[in-house]
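Note sheet for the following structure.
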Amino acid sequence: MSETIKKFLYVNRKAPYGTIYAQESLEVVLIGAAFDQDVSLAFLDDGVFQLTKGQDTKEIGLKNFSATYRALGDYEVTKLYVEKESLEERGLTLDDLQNIEYEDEDDDYAEKSSIRLISRAEMAEVMADQDVVLSF
Amino acid sequence: MSETIKKFLYVNRKAPYGTIYAQESLEVVLIGAAFDQDVSLAFLDDGVFQLTKGQDTKEIGLKNFSATYRALGDYEVTKLYVEKESLEERGLTLDDLQNIEYEDEDDDYAEKSSIRLISRAEMAEVMADQDVVLSF
Amino acid sequence: MKFGIVVSEGPYQHQASDSAYNFVKAALAKGHEVSRVFFYHDGVNVGTRLSIPPQDDRQIQEQWTALGKEHDLDLVICIAAAQRRGLLDENEAKRQGKDADNIAEGFRISGLGQLIEMGIQADRTITFGD
Amino acid sequence: MKFGIVVSEGPYQHQASDSAYNFVKAALAKGHEVSRVFFYHDGVNVGTRLSIPPQDDRQIQEQWTALGKEHDLDLVICIAAAQRRGLLDENEAKRQGKDADNIAEGFRISGLGQLIEMGIQADRTITFGD
Amino acid sequence: MGTLHTVNKSPFQNQTLLSCLGHTHEGDAVLMIEDGVYGAVTGTAISEALSKMGSDVSLYVLGADLAARGIDAGRMAEGVISVDYEGFVDLSATHDRVQNWL
Amino acid sequence: MGTLHTVNKSPFQNQTLLSCLGHTHEGDAVLMIEDGVYGAVTGTAISEALSKMGSDVSLYVLGADLAARGIDAGRMAEGVISVDYEGFVDLSATHDRVQNWL
């Protein structure tokens, strides 16, 4: 839709369900995927809670949108940066997060993890390497 | 308007202007004054910022409602509990706050301060002594 | 026991109105009375009849309207907060020269005095907000 | 330079829409271009024409409408966020079977693609929210 | 029977839970709801400090909000009791007042 | 020329300013606006920690938001520069990108 290719970073720092930001951020990512930009997602601070597995919203009556993260690979959104320090401070490890994978078309469609565990310092580098930073 | 007299505490923990809670809390206090209940206001955490003097909102375009605190005495709202530890953590002293006074009709209408500086432990006692606690 | 409920945040943006709804349902199910639900701050936006959430999501306003009808709840929207935010009933719209209104069935607009009155009459006052 | 602006919170409840307004005014005064203002999340509520704030307070929607008119600003309300929260234009109201609409003059409702497009076209994208 | 306090903010982002625990009395109860339920988890950067502050109050967590967020009940700090919405109603009724920390 | 970061939350209530300062680079600028301006004040419970973290970035504060909150310019930490909305626009234009910490 456009000839410019920009680096877009979606920054997720808030927990899901208490507020709508996580859910409406995902809606932007899905629509944005059609624009063929260079898209990354950052999960830090309470944003890492968005990716936990086993979310079950039946009793609170809100829509469970956590499965959508697993569909991101189908939209060619394959770079989900997760901050290690944020996980550790919250007592979480990668095992507590969903498996989010994509098929690497450059590698015989091998299934690879979209989650890239990085340090806080590396997260700062990712942030500094963007054209557009959208925060939710 | 009612024969029951209850102890109402309005708890203010948020800074003014960034969000509307401080302002709309005051509107409740003013309306509530007509009901002849036993009213107290608590200012703790960032709520102590509501009472600073010299607020000037011209450049941000929001309505400056800080003068309303000084009018509370006219509505017979005379108990404004301010937490000492909250002030100290924020580098504030009583001198940074507005003078908020009332006329004590039991003491020949002497002008007295409505601000009661109390410790965190005393604030906990004030909170535990209420019938209705409204938080903003 | 008589509960009074305050809802301080708008629908969907915060979970507050959902938590309040679940609490009120549970209280009624246990035989308690809910004397009033008072919508304040952005909470007034719960009462718009113009919302159209996605079909696979809950319809927050309709949930309240239905619960209110079933249990004869007094769902009160604060007039001062509502005017700031553009939530009107037919009378207010006429009085203020506005060409439309948007309040949903089962809600009524009234003054802040209703909040104080609720606090006086209820055995417990509980606020859901942010 | 071309600025794109996102407003993520509703009027009065948060300062975000005021800060955005002051920023946009200053950018225009300095000769910059504001390519679009995109209202998302509760920010969509800025665009209601039904608000009636106290007379001694600012009228946030009218401020935006006037600034938009003066500078031919593209004030876009996200349709998905707006539907959840009950902000509609005449077409949407008809299409969805609603008996009223509430969008103010100078605002238009469109899709999330307009946000991405703004990010692509603007030199700087700035979000005011909570 | 004391006060029921509710907290709905993540303690990693916001100091509300700390402030609440700094204002409780022996015999009070603190119920964590919405994003506040993250305060009920053990083995975090702040769980030790929280457990010391909350030693003379009863700690509860709304199970529905825990489940929504995918927190396994096995990760809850010792002594924290999970309740459903009816339990929330009971706690509100059995305490003398409810103070909501927003 | 690096990133302009904005922070609009009180550092006494919310950890956003700390998180922002933990993700800056030398040469970045941090502009405190709205309730974020309380982070610009010296002599508070957190001002020392903040001054250490922000040593390699330029710190700015929106004067209009300071004035609204009644903060005397004399209480600002050393090295923090007060700007008006036009200064905010300039900072946005002169940096390569803007990241808003919400």
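By convention here, the chains of the structure tokens are called A, B, ... in the order presented, each chain's residues are numbered starting at 1, and ligands are numbered starting at 1 in the order presented.
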List as a PDB file with N, CA and C atoms, in the first residue's frame the protein and nucleic acid residues near Arg58 (chain D), meaning an atom at most 12 Å away when only C-alpha atoms are counted, but skip any in the same chain fewer than 5 places from it.
ATOM      1  N   THR B  57      -2.848  27.204  36.082  1.00  0.00           N
ATOM      2  CA  THR B  57      -3.135  26.297  34.964  1.00  0.00           C
ATOM      3  C   THR B  57      -3.323  27.020  33.634  1.00  0.00           C
ATOM      4  N   LYS B  58      -3.035  28.314  33.604  1.00  0.00           N
ATOM      5  CA  LYS B  58      -3.315  29.074  32.378  1.00  0.00           C
ATOM      6  C   LYS B  58      -2.740  28.404  31.130  1.00  0.00           C
ATOM      7  N   ILE B  60      -1.810  25.317  30.501  1.00  0.00           N
ATOM      8  CA  ILE B  60      -2.303  23.998  30.066  1.00  0.00           C
ATOM      9  C   ILE B  60      -3.770  24.044  29.673  1.00  0.00           C
ATOM     10  N   GLY B  61      -4.447  25.134  30.027  1.00  0.00           N
ATOM     11  CA  GLY B  61      -5.823  25.296  29.558  1.00  0.00           C
ATOM     12  C   GLY B  61      -6.869  24.604  30.407  1.00  0.00           C
ATOM     13  N   LEU B  62      -6.450  23.944  31.491  1.00  0.00           N
ATOM     14  CA  LEU B  62      -7.433  23.315  32.364  1.00  0.00           C
ATOM     15  C   LEU B  62      -7.910  24.321  33.409  1.00  0.00           C
ATOM     16  N   LYS B  63      -9.072  24.035  33.980  1.00  0.00           N
ATOM     17  CA  LYS B  63      -9.627  24.898  35.005  1.00  0.00           C
ATOM     18  C   LYS B  63      -8.847  24.723  36.311  1.00  0.00           C
ATOM     19  N   ASN B  64      -8.441  25.811  36.903  1.00  0.00           N
ATOM     20  CA  ASN B  64      -7.749  25.777  38.195  1.00  0.00           C
ATOM     21  C   ASN B  64      -8.799  25.703  39.298  1.00  0.00           C
TER      22      ASN B  64
ATOM     23  N   ARG C  84     -20.164  16.658  31.059  1.00  0.00           N
ATOM     24  CA  ARG C  84     -18.787  16.811  30.560  1.00  0.00           C
ATOM     25  C   ARG C  84     -18.489  15.845  29.420  1.00  0.00           C
TER      26      ARG C  84
ATOM     27  N   PRO D  11     -11.827  12.741  26.909  1.00  0.00           N
ATOM     28  CA  PRO D  11     -11.729  14.116  27.372  1.00  0.00           C
ATOM     29  C   PRO D  11     -12.070  14.234  28.856  1.00  0.00           C
ATOM     30  N   TYR D  12     -11.466  15.185  29.526  1.00  0.00           N
ATOM     31  CA  TYR D  12     -11.708  15.522  30.927  1.00  0.00           C
ATOM     32  C   TYR D  12     -11.137  14.488  31.896  1.00  0.00           C
ATOM     33  N   SER D  17      -5.763  14.509  26.057  1.00  0.00           N
ATOM     34  CA  SER D  17      -6.290  15.213  24.887  1.00  0.00           C
ATOM     35  C   SER D  17      -5.962  16.704  24.950  1.00  0.00           C
ATOM     36  N   ASP D  18      -5.852  17.252  26.155  1.00  0.00           N
ATOM     37  CA  ASP D  18      -5.435  18.653  26.292  1.00  0.00           C
ATOM     38  C   ASP D  18      -3.975  18.835  25.888  1.00  0.00           C
ATOM     39  N   TYR D  21      -3.684  18.683  22.204  1.00  0.00           N
ATOM     40  CA  TYR D  21      -4.178  19.920  21.606  1.00  0.00           C
ATOM     41  C   TYR D  21      -3.135  21.028  21.705  1.00  0.00           C
ATOM     42  N   SER D  51     -21.297  16.733  24.416  1.00  0.00           N
ATOM     43  CA  SER D  51     -20.767  17.142  25.718  1.00  0.00           C
ATOM     44  C   SER D  51     -21.134  18.587  26.039  1.00  0.00           C
ATOM     45  N   ILE D  52     -21.355  18.823  27.312  1.00  0.00           N
ATOM     46  CA  ILE D  52     -21.736  20.147  27.812  1.00  0.00           C
ATOM     47  C   ILE D  52     -20.942  20.430  29.078  1.00  0.00           C
ATOM     48  N   PRO D  53     -19.660  20.751  28.944  1.00  0.00           N
ATOM     49  CA  PRO D  53     -18.865  21.025  30.146  1.00  0.00           C
ATOM     50  C   PRO D  53     -19.324  22.301  30.818  1.00  0.00           C
ATOM     51  N   GLN D  63     -12.810  22.892  20.836  1.00  0.00           N
ATOM     52  CA  GLN D  63     -11.435  23.324  20.576  1.00  0.00           C
ATOM     53  C   GLN D  63     -10.854  22.577  19.382  1.00  0.00           C
ATOM     54  N   TRP D  64     -11.038  21.266  19.373  1.00  0.00           N
ATOM     55  CA  TRP D  64     -10.498  20.463  18.269  1.00  0.00           C
ATOM     56  C   TRP D  64     -11.183  20.787  16.955  1.00  0.00           C
TER      57      TRP D  64
END
List every residue of chain C that has an atom at most 9 Å from any atom of chain D, and for each one report the closest atom pair and its distance in Å to one decimal, counting only C-alpha atoms, with rows sorted by chain and then by increasing residue number, as JSON lines.
{"residue": "C:Gly10", "atom": "CA", "partner": "D:Asp42", "partner_atom": "CA", "distance": 8.4}
{"residue": "C:Pro11", "atom": "CA", "partner": "D:Arg85", "partner_atom": "CA", "distance": 7.0}
{"residue": "C:Tyr12", "atom": "CA", "partner": "D:Arg84", "partner_atom": "CA", "distance": 7.2}
{"residue": "C:Gln13", "atom": "CA", "partner": "D:Asp42", "partner_atom": "CA", "distance": 6.6}
{"residue": "C:His41", "atom": "CA", "partner": "D:Gln13", "partner_atom": "CA", "distance": 7.0}
{"residue": "C:Asp42", "atom": "CA", "partner": "D:Gln13", "partner_atom": "CA", "distance": 6.6}
{"residue": "C:Asn45", "atom": "CA", "partner": "D:Arg85", "partner_atom": "CA", "distance": 7.6}
{"residue": "C:Val46", "atom": "CA", "partner": "D:Arg85", "partner_atom": "CA", "distance": 8.3}
{"residue": "C:Thr48", "atom": "CA", "partner": "D:Gly86", "partner_atom": "CA", "distance": 6.4}
{"residue": "C:Arg49", "atom": "CA", "partner": "D:Gly86", "partner_atom": "CA", "distance": 7.1}
{"residue": "C:Leu50", "atom": "CA", "partner": "D:Gly86", "partner_atom": "CA", "distance": 4.3}
{"residue": "C:Ser51", "atom": "CA", "partner": "D:Gly86", "partner_atom": "CA", "distance": 3.5}
{"residue": "C:Ile52", "atom": "CA", "partner": "D:Gln83", "partner_atom": "CA", "distance": 4.8}
{"residue": "C:Pro53", "atom": "CA", "partner": "D:Arg84", "partner_atom": "CA", "distance": 4.2}
{"residue": "C:Pro54", "atom": "CA", "partner": "D:Arg84", "partner_atom": "CA", "distance": 7.3}
{"residue": "C:Gln59", "atom": "CA", "partner": "D:Arg84", "partner_atom": "CA", "distance": 8.6}
{"residue": "C:Ala80", "atom": "CA", "partner": "D:Pro53", "partner_atom": "CA", "distance": 8.2}
{"residue": "C:Ala81", "atom": "CA", "partner": "D:Pro53", "partner_atom": "CA", "distance": 8.7}
{"residue": "C:Ala82", "atom": "CA", "partner": "D:Ser51", "partner_atom": "CA", "distance": 7.8}
{"residue": "C:Gln83", "atom": "CA", "partner": "D:Ile52", "partner_atom": "CA", "distance": 4.8}
{"residue": "C:Arg84", "atom": "CA", "partner": "D:Pro53", "partner_atom": "CA", "distance": 4.2}
{"residue": "C:Arg85", "atom": "CA", "partner": "D:Ser51", "partner_atom": "CA", "distance": 5.1}
{"residue": "C:Gly86", "atom": "CA", "partner": "D:Ser51", "partner_atom": "CA", "distance": 3.5}
{"residue": "C:Leu87", "atom": "CA", "partner": "D:Leu50", "partner_atom": "CA", "distance": 6.9}
{"residue": "C:Leu88", "atom": "CA", "partner": "D:Leu50", "partner_atom": "CA", "distance": 7.3}
{"residue": "C:Ala93", "atom": "CA", "partner": "D:Leu50", "partner_atom": "CA", "distance": 8.1}
{"residue": "C:Gln96", "atom": "CA", "partner": "D:Ile52", "partner_atom": "CA", "distance": 8.0}
{"residue": "C:Lys98", "atom": "CA", "partner": "D:Leu50", "partner_atom": "CA", "distance": 6.5}
{"residue": "C:Asp99", "atom": "CA", "partner": "D:Leu50", "partner_atom": "CA", "distance": 8.3}
{"residue": "C:Ala100", "atom": "CA", "partner": "D:Ala100", "partner_atom": "CA", "distance": 6.2}
{"residue": "C:Asp101", "atom": "CA", "partner": "D:Ala100", "partner_atom": "CA", "distance": 7.1}
{"residue": "C:Asn102", "atom": "CA", "partner": "D:Ala100", "partner_atom": "CA", "distance": 7.1}
Check: For chain D, which residues have at least one atom within 7 Å of chain A, if we go by only C-alpha atoms? Write them as a list in words, please.
Finding: Leu112, Gly113, Ile116, Gly119, Ile120 and Thr125 of chain D
Please produce a file of the residues just selected, as a PDB file, in the first residue's frame, where the atoms kept are N, CA, C and O atoms.
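Listed below is the output, selection03.pdb:
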ATOM      1  N   LEU D 112      -8.364   1.422  11.410  1.00  0.00           N
ATOM      2  CA  LEU D 112      -7.046   1.441  12.024  1.00  0.00           C
ATOM      3  C   LEU D 112      -5.927   1.620  11.008  1.00  0.00           C
ATOM      4  O   LEU D 112      -4.826   2.035  11.349  1.00  0.00           O
ATOM      5  N   GLY D 113      -6.230   1.281   9.735  1.00  0.00           N
ATOM      6  CA  GLY D 113      -5.225   1.471   8.698  1.00  0.00           C
ATOM      7  C   GLY D 113      -4.748   2.913   8.623  1.00  0.00           C
ATOM      8  O   GLY D 113      -3.597   3.180   8.257  1.00  0.00           O
ATOM      9  N   ILE D 116      -1.730   3.376  10.856  1.00  0.00           N
ATOM     10  CA  ILE D 116      -0.488   2.862  10.263  1.00  0.00           C
ATOM     11  C   ILE D 116      -0.016   3.811   9.159  1.00  0.00           C
ATOM     12  O   ILE D 116       1.157   4.170   9.086  1.00  0.00           O
ATOM     13  N   GLY D 119       1.630   6.711  10.556  1.00  0.00           N
ATOM     14  CA  GLY D 119       2.990   6.394  11.004  1.00  0.00           C
ATOM     15  C   GLY D 119       3.981   6.337   9.853  1.00  0.00           C
ATOM     16  O   GLY D 119       5.138   6.726   9.991  1.00  0.00           O
ATOM     17  N   ILE D 120       3.507   5.842   8.711  1.00  0.00           N
ATOM     18  CA  ILE D 120       4.384   5.747   7.533  1.00  0.00           C
ATOM     19  C   ILE D 120       4.682   7.135   6.968  1.00  0.00           C
ATOM     20  O   ILE D 120       5.819   7.458   6.630  1.00  0.00           O
ATOM     21  N   THR D 125       5.816  10.390  14.984  1.00  0.00           N
ATOM     22  CA  THR D 125       4.522   9.987  15.526  1.00  0.00           C
ATOM     23  C   THR D 125       4.577  10.096  17.044  1.00  0.00           C
ATOM     24  O   THR D 125       5.486   9.565  17.674  1.00  0.00           O
TER      25      THR D 125
END
How close does chain F get to chain B? List, as a Markdown table, each residue of chain F within 8 Å, its nearest atom pair and the distance in Å to one decimal, counting only C-alpha atoms.
| residue | atom | partner | partner_atom | distance |
| --- | --- | --- | --- | --- |
| F:Ser10 | CA | B:Asp46 | CA | 7.9 |
| F:Phe12 | CA | B:Asp46 | CA | 7.1 |
| F:Gln13 | CA | B:Asp46 | CA | 7.0 |
| F:Glu34 | CA | B:Gly18 | CA | 5.4 |
| F:Asp35 | CA | B:Gly18 | CA | 5.3 |
| F:Thr42 | CA | B:Gly91 | CA | 7.4 |
| F:Gly43 | CA | B:Gly91 | CA | 5.4 |
| F:Thr44 | CA | B:Gly91 | CA | 4.5 |
| F:Ala45 | CA | B:Glu89 | CA | 4.6 |
| F:Ile46 | CA | B:Glu89 | CA | 7.8 |
| F:Ala64 | CA | B:Glu59 | CA | 5.3 |
| F:Asp65 | CA | B:Ile60 | CA | 6.7 |
| F:Ala67 | CA | B:Asp56 | CA | 5.3 |
| F:Ala68 | CA | B:Thr57 | CA | 4.2 |
| F:Arg69 | CA | B:Gln55 | CA | 5.1 |
| F:Gly70 | CA | B:Gln55 | CA | 3.9 |
| F:Ile71 | CA | B:Gln55 | CA | 7.6 |
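Residues in contact with Leu50 (chain E) at up to 9 Å, not including ones fewer than 4 positions away on its chain and judged by only C-alpha atoms, are Leu17, Leu18, Leu21, Gly39, Ile46, Gly54 and Ser55 of chain E.
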Next item on the list: Report as number ranges by chain the set of chain E residues whose atoms approach chain C to within 9 Å, with distances computed over only C-alpha atoms.
Entry: E: 8-9, 33-34, 85-90, 92-93, 96-102
Notebook entry, point to check: Got a sec: who's within 10 Å of Glu26 (chain F), counting only C-alpha atoms, leaving out chain neighbours fewer than 3 positions off, as a VMD selection string?
Noted result: chain F and resid 2 to 3 29 54 to 58
Check: So how many Å separate CA of Ala128 (chain A) and CA of His23 (chain F), to one decimal?
Finding: 9.1 Å
Checklist line | DSSP-assigned alpha helix (DSSP H) among chain F, expressed as a ChimeraX atom specification | finding: /F:16-21,47-53,63-68,85-94
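CA of Ser35 (chain D) is found 25.9 Å from CA of Val61 (chain F).
Residues of region 68-117 of chain A that DSSP, applied to the backbone, places in strand (DSSP E): Leu80, Tyr81, Val82, Glu83, Glu101, Tyr102, Glu103, Asp104, Ala110, Glu111, Lys112, Ser113, Ile115, Arg116 and Leu117 of chain A.
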Can those selected residues be exported to a file as a compact mmCIF listing (two decimals), in the first residue's frame so that it contains N, CA and C atoms?
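Result file follows (result34.txt):
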# COMPACT_ATOMS: atom_id res chain seq x y z
N LEU A 80 8.89 -10.96 18.35
CA LEU A 80 8.31 -10.59 19.64
C LEU A 80 9.44 -10.55 20.66
N TYR A 81 9.92 -9.36 20.97
CA TYR A 81 11.01 -9.21 21.91
C TYR A 81 10.48 -9.20 23.34
N VAL A 82 10.98 -10.10 24.16
CA VAL A 82 10.53 -10.20 25.55
C VAL A 82 11.72 -9.91 26.47
N GLU A 83 11.51 -9.00 27.41
CA GLU A 83 12.63 -8.58 28.26
C GLU A 83 12.83 -9.54 29.43
N GLU A 101 4.89 -19.39 17.43
CA GLU A 101 5.82 -19.81 16.38
C GLU A 101 5.43 -19.27 15.02
N TYR A 102 6.39 -19.31 14.10
CA TYR A 102 6.12 -18.95 12.71
C TYR A 102 6.87 -19.92 11.81
N GLU A 103 6.42 -20.00 10.59
CA GLU A 103 7.10 -20.85 9.62
C GLU A 103 8.11 -20.00 8.85
N ASP A 104 9.37 -20.38 8.93
CA ASP A 104 10.42 -19.60 8.27
C ASP A 104 10.50 -20.01 6.80
N ALA A 110 10.51 -24.18 8.27
CA ALA A 110 10.72 -24.75 9.60
C ALA A 110 9.97 -23.90 10.63
N GLU A 111 9.42 -24.56 11.65
CA GLU A 111 8.72 -23.83 12.70
C GLU A 111 9.73 -23.25 13.68
N LYS A 112 9.69 -21.95 13.86
CA LYS A 112 10.63 -21.30 14.77
C LYS A 112 9.87 -20.43 15.75
N SER A 113 10.48 -20.21 16.91
CA SER A 113 9.82 -19.40 17.92
C SER A 113 9.89 -17.92 17.54
N ILE A 115 9.32 -15.69 19.79
CA ILE A 115 9.73 -15.00 21.02
C ILE A 115 11.24 -14.91 21.10
N ARG A 116 11.73 -13.70 21.23
CA ARG A 116 13.17 -13.47 21.35
C ARG A 116 13.46 -12.89 22.73
N LEU A 117 14.02 -13.72 23.57
CA LEU A 117 14.32 -13.30 24.94
C LEU A 117 15.58 -12.43 24.92
Next item on the list: One decimal, Å: what's the distance from CA of Ile103 (chain C) over to CA of Thr65 (chain D), could you say?
Entry: 23.9 Å
